[in-house]
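Asks: The following file, data08.txt, comprises compact mmCIF, C-alpha atoms:
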```txt
# COMPACT_ATOMS: atom_id res chain seq x y z
CA ARG A 105 -23.99 52.92 5.81
CA THR A 106 -22.44 51.80 9.09
CA SER A 107 -21.73 48.07 9.54
CA GLY A 108 -24.20 47.24 6.80
CA VAL A 109 -27.05 49.10 8.55
CA PRO A 110 -28.55 52.06 6.64
CA VAL A 111 -28.33 55.39 8.47
CA ILE A 112 -30.60 58.36 7.84
CA VAL A 113 -29.16 61.78 8.71
CA GLU A 114 -31.74 64.33 9.82
CA ALA A 115 -31.27 68.04 10.45
CA VAL A 116 -32.45 69.33 13.81
CA GLU A 117 -33.90 72.80 14.40
CA GLU A 118 -30.84 73.93 16.38
CA GLY A 119 -28.56 73.21 13.42
CA THR A 120 -27.11 70.01 14.82
CA VAL A 121 -27.21 66.68 13.03
CA LYS A 122 -28.89 63.55 14.32
CA GLU A 123 -28.34 60.01 13.05
CA VAL A 124 -31.29 57.66 13.04
CA VAL A 125 -30.39 54.01 12.63
CA GLU A 126 -33.00 51.96 10.82
CA GLU A 127 -33.79 48.62 12.38
CA PRO A 128 -33.49 45.65 9.98
CA GLU A 129 -36.87 44.35 8.86
CA GLU A 130 -38.01 41.24 10.73
CA SER A 131 -38.12 38.09 8.60
CA VAL A 132 -41.28 36.07 7.99
CA ARG A 133 -39.71 33.09 9.76
CA SER A 134 -39.02 35.17 12.87
CA LYS A 135 -42.58 36.52 12.89
CA GLY A 136 -43.99 33.03 12.48
CA LEU A 137 -41.86 31.72 15.36
CA LYS A 138 -43.06 34.54 17.63
CA LEU A 139 -46.68 33.85 16.66
CA ALA A 140 -46.27 30.13 17.41
CA VAL A 141 -44.69 30.82 20.81
CA CYS A 142 -47.45 33.30 21.73
CA PHE A 143 -50.17 30.90 20.56
CA VAL A 144 -48.78 27.92 22.50
CA GLY A 145 -48.15 30.06 25.58
CA LEU A 146 -51.63 31.60 25.64
CA GLN A 147 -53.54 28.43 24.80
CA GLY A 148 -51.48 26.33 27.21
CA SER A 149 -52.01 28.83 30.02
CA TYR A 150 -55.77 29.19 29.48
CA VAL A 151 -56.41 25.46 29.03
CA THR A 152 -54.40 24.64 32.16
CA TRP A 153 -56.15 27.39 34.10
CA GLY A 154 -59.60 26.20 33.01
CA PHE A 155 -58.80 22.57 33.86
CA VAL A 156 -57.49 23.44 37.33
CA GLN A 157 -60.39 25.86 37.93
CA GLU A 158 -62.96 23.16 37.18
CA LYS A 159 -61.09 20.59 39.29
CA VAL A 160 -60.93 22.88 42.32
CA MET A 161 -64.55 24.02 42.19
CA THR A 162 -66.33 20.78 41.19
CA HIS A 163 -64.29 18.15 43.07
CA GLU A 164 -65.96 16.44 46.02
CA TYR A 165 -63.44 16.56 48.89
CA GLU A 166 -63.05 13.98 51.66
CA SER A 167 -64.22 16.50 54.24
CA GLY A 168 -67.57 16.51 52.50
CA GLY A 169 -68.73 18.95 49.88
CA ARG A 170 -66.87 21.15 47.45
CA PHE A 171 -64.35 23.96 47.89
CA PRO A 172 -66.09 26.29 50.36
CA SER A 173 -64.63 29.73 49.66
CA THR A 174 -64.65 31.38 46.26
CA VAL A 175 -63.47 34.62 47.88
CA PHE A 176 -60.28 32.90 49.06
CA LEU A 177 -59.46 31.78 45.49
CA VAL A 178 -59.98 35.28 44.14
CA CYS A 179 -57.86 36.74 46.96
CA ALA A 180 -55.06 34.25 46.27
CA ASN A 181 -55.26 35.01 42.54
CA ARG A 182 -55.09 38.76 43.03
CA SER A 183 -52.37 38.55 45.71
CA LEU A 184 -50.07 36.61 43.39
CA ALA A 185 -50.83 39.02 40.53
CA LEU A 186 -49.98 41.94 42.85
CA VAL A 187 -46.63 40.37 43.81
CA VAL A 188 -45.69 39.67 40.17
CA ALA A 189 -46.74 43.16 39.03
CA GLY A 190 -44.79 44.77 41.89
CA ALA A 191 -41.67 42.75 41.04
CA LEU A 192 -41.91 43.82 37.39
CA MET A 193 -42.32 47.47 38.35
CA LEU A 194 -39.27 47.31 40.61
CA TYR A 195 -37.27 45.59 37.86
CA LYS A 196 -38.17 48.28 35.33
CA ALA A 197 -37.48 51.11 37.78
CA ARG A 198 -34.27 49.80 39.43
CA VAL A 199 -32.63 47.71 36.71
CA LEU A 200 -33.89 49.07 33.40
CA ARG A 201 -34.15 52.64 34.76
CA GLN A 202 -37.44 53.20 33.00
CA VAL A 203 -39.73 56.03 34.04
CA THR A 204 -42.89 54.52 35.49
CA PRO A 205 -46.06 56.40 34.48
CA ARG A 206 -48.33 57.36 37.36
CA ALA A 207 -52.07 57.91 37.46
CA PRO A 208 -54.60 58.61 40.24
CA PHE A 209 -56.01 55.46 41.81
CA TYR A 210 -59.59 56.48 41.05
CA HIS A 211 -58.87 56.22 37.31
CA PHE A 212 -58.56 52.45 37.63
CA SER A 213 -60.78 51.72 40.62
CA PRO A 214 -64.01 51.05 38.62
CA CYS A 215 -62.38 48.44 36.36
CA SER A 216 -60.53 46.96 39.36
CA VAL A 217 -63.79 46.41 41.24
CA SER A 218 -65.53 44.97 38.16
CA ASN A 219 -62.56 42.67 37.53
CA ILE A 220 -62.71 41.30 41.08
CA ILE A 221 -66.48 40.74 40.81
CA SER A 222 -66.09 38.97 37.46
CA SER A 223 -63.38 36.72 38.91
CA TRP A 224 -65.60 35.81 41.86
CA ALA A 225 -68.55 35.09 39.56
CA GLN A 226 -66.37 32.98 37.27
CA TYR A 227 -65.45 30.64 40.14
CA GLU A 228 -68.79 30.76 41.94
CA CYS A 229 -70.89 29.82 38.92
CA LEU A 230 -69.13 26.44 38.67
CA LYS A 231 -71.05 25.42 41.79
CA TYR A 232 -74.28 25.69 39.78
CA VAL A 233 -73.35 25.05 36.13
CA SER A 234 -70.92 22.77 34.31
CA PHE A 235 -67.63 24.00 32.88
CA PRO A 236 -68.77 23.46 29.23
CA THR A 237 -71.80 25.65 29.90
CA GLN A 238 -69.56 28.34 31.35
CA THR A 239 -67.26 28.15 28.33
CA LEU A 240 -70.13 28.37 25.86
CA PHE A 241 -71.71 31.26 27.75
CA LYS A 242 -68.40 33.14 27.68
CA SER A 243 -68.17 32.54 23.94
CA SER A 244 -71.30 34.67 23.44
CA LYS A 245 -69.74 37.63 25.23
CA VAL A 246 -69.29 39.58 21.98
CA ILE A 247 -72.64 41.39 22.11
CA PRO A 248 -72.32 42.54 25.78
CA VAL A 249 -68.81 43.85 25.01
CA MET A 250 -70.10 45.84 22.03
CA LEU A 251 -73.07 47.21 23.99
CA THR A 252 -70.84 48.23 26.89
CA GLY A 253 -68.45 49.99 24.51
CA LYS A 254 -71.36 51.86 22.96
CA LEU A 255 -72.72 52.95 26.35
CA ILE A 256 -69.40 53.95 27.94
CA HIS A 257 -67.36 55.29 25.02
CA LYS A 258 -70.18 56.04 22.54
CA ARG A 259 -68.47 53.77 20.02
CA SER A 260 -70.12 52.88 16.74
CA TYR A 261 -69.55 49.52 15.09
CA PRO A 262 -70.02 48.59 11.43
CA TRP A 263 -73.20 46.62 10.75
CA ILE A 264 -71.16 43.60 9.69
CA GLU A 265 -69.78 43.33 13.22
CA TYR A 266 -73.30 43.19 14.66
CA VAL A 267 -74.16 40.44 12.16
CA GLU A 268 -71.05 38.50 13.15
CA ALA A 269 -71.84 38.90 16.85
CA LEU A 270 -75.42 37.70 16.35
CA GLY A 271 -74.14 34.76 14.31
CA ILE A 272 -71.72 33.71 17.04
CA THR A 273 -74.41 34.03 19.70
CA ALA A 274 -76.91 32.05 17.63
CA GLY A 275 -74.35 29.32 17.06
CA VAL A 276 -73.64 29.08 20.78
CA ALA A 277 -77.38 28.99 21.58
CA ILE A 278 -78.01 26.19 19.07
CA PHE A 279 -75.07 24.21 20.41
CA MET A 280 -76.35 24.57 23.97
CA LEU A 281 -79.87 23.57 22.88
CA PHE A 282 -78.64 20.30 21.37
CA ALA A 283 -76.37 19.75 24.37
CA GLU A 284 -79.43 20.03 26.64
CA ARG A 285 -81.22 17.31 24.66
CA ALA A 286 -78.22 14.99 24.67
CA PRO A 287 -77.70 12.53 27.56
CA ARG A 288 -75.96 14.27 30.43
CA HIS A 289 -72.75 13.14 32.02
CA ARG A 290 -72.56 16.01 34.48
CA SER A 291 -72.19 15.93 38.20
CA HIS A 292 -75.09 18.41 38.51
CA PRO A 293 -77.59 20.10 36.18
CA ASP A 294 -77.33 23.76 35.24
CA SER A 295 -79.45 25.97 37.47
CA LEU A 296 -81.05 29.40 37.14
CA ALA A 297 -78.76 30.75 39.88
CA GLY A 298 -75.73 29.67 37.85
CA VAL A 299 -77.04 31.44 34.74
CA GLY A 300 -77.60 34.60 36.82
CA ILE A 301 -74.04 34.50 38.16
CA LEU A 302 -72.73 33.89 34.63
CA SER A 303 -74.65 36.95 33.44
CA LEU A 304 -73.03 39.01 36.20
CA TYR A 305 -69.63 37.69 35.11
CA VAL A 306 -70.22 38.61 31.46
CA PHE A 307 -71.39 42.14 32.33
CA CYS A 308 -68.48 42.86 34.70
CA ASP A 309 -65.91 41.36 32.34
CA SER A 310 -67.29 43.43 29.45
CA PHE A 311 -67.10 46.57 31.60
CA THR A 312 -63.51 45.79 32.58
CA SER A 313 -62.33 45.38 29.00
CA GLN A 314 -64.09 48.59 27.86
CA TRP A 315 -63.08 50.91 30.73
```
Represent the structure from my file as structure tokens, please.
Replies:
Amino acid sequence: RTSGVPVIVEAVEEGTVKEVVEEPEESVRSKGLKLAVCFVGLQGSYVTWGFVQEKVMTHEYESGGRFPSTVFLVCANRSLALVVAGALMLYKARVLRQVTPRAPFYHFSPCSVSNIISSWAQYECLKYVSFPTQTLFKSSKVIPVMLTGKLIHKRSYPWIEYVEALGITAGVAIFMLFAERAPRHRSHPDSLAGVGILSLYVFCDSFTSQW
């Protein structure tokens, strides 16, 4: 043992000796703290993003009408993501001296295009449907994701997962049915065009996650 840390000595093929230091096992308290931080960070980010997204797309501006350009929002979103990703790559390469893996652009171009289309559809549909409808529709995305995985990667899922997916979808459908019967407090009713754009979003987002 060295400084209280157990050391395993392994023989190497060339006859030399290599010391492998075992990392101390992480405590339950440390794991719980990490889980709490990740949970608060993810939920806080997504809730804030959804709130701002709905505000931008459904607010009636003084100039008359709503935000005119969904493409601009997607472009701004992707531009900022590109800057942050580039800064992280430079930090890893210049400061941490990590070897950056490289791959041909065409390997990622299909999922990049589908991701851009899904982002556009996610903003655009708020012109035709309410944010709760969008959220509920996205909650039933399990079946499209499974079908896309089966078509692209020939994956097979246990029957229990299909039952769970159908149960989630049925629950969402029932909730939406009762929501339709309840008195509406929406700025506009859901339209067929909005449902079509939501379907495009779900398909492209499922393709992106399964590529």
Asks: Rank nothing, just name the residue among A:Gln314, A:Met250, A:Ser303, A:Glu228 nearest to Pro262 (chain A), using all atoms listed in the file.
Replies: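 Among the listed residues, the smallest separation from Pro262 (chain A) belongs to A:Met250.
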Asks: Rounded to one decimal place, report the CA of Val306 (chain A)-CA of Ala140 (chain A) distance in Å.
Replies: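 It comes out at 29.0 Å.
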Asks: Return the single residue from A:Glu268, A:Asp309, A:Glu166, A:Glu130 that is closest to Trp224 (chain A), with distances computed using all atoms listed in the file.
Replies: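 Result for the nearest residue to Trp224 (chain A): A:Asp309.
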Asks: Could you tell me how far CA of Met161 (chain A) lies from CA of Ala225 (chain A), in Å and to one decimal?
Replies: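 Rounded to one decimal, the two atoms are 12.1 Å apart.
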Asks: Enumerate, in order of chain and increasing residue number, the residues of region 214-274 of chain A with an atom no farther than 12 Å from region 203-209 of chain A, each with its shortest atom pair and distance in Å to one decimal, counting only C-alpha atoms, as a tab-separated table.
Replies:
```
residue	atom	partner	partner_atom	distance
A:Pro214	CA	A:Phe209	CA	9.7
A:Cys215	CA	A:Phe209	CA	10.9
A:Ser216	CA	A:Phe209	CA	9.9
A:Val217	CA	A:Phe209	CA	11.9
```
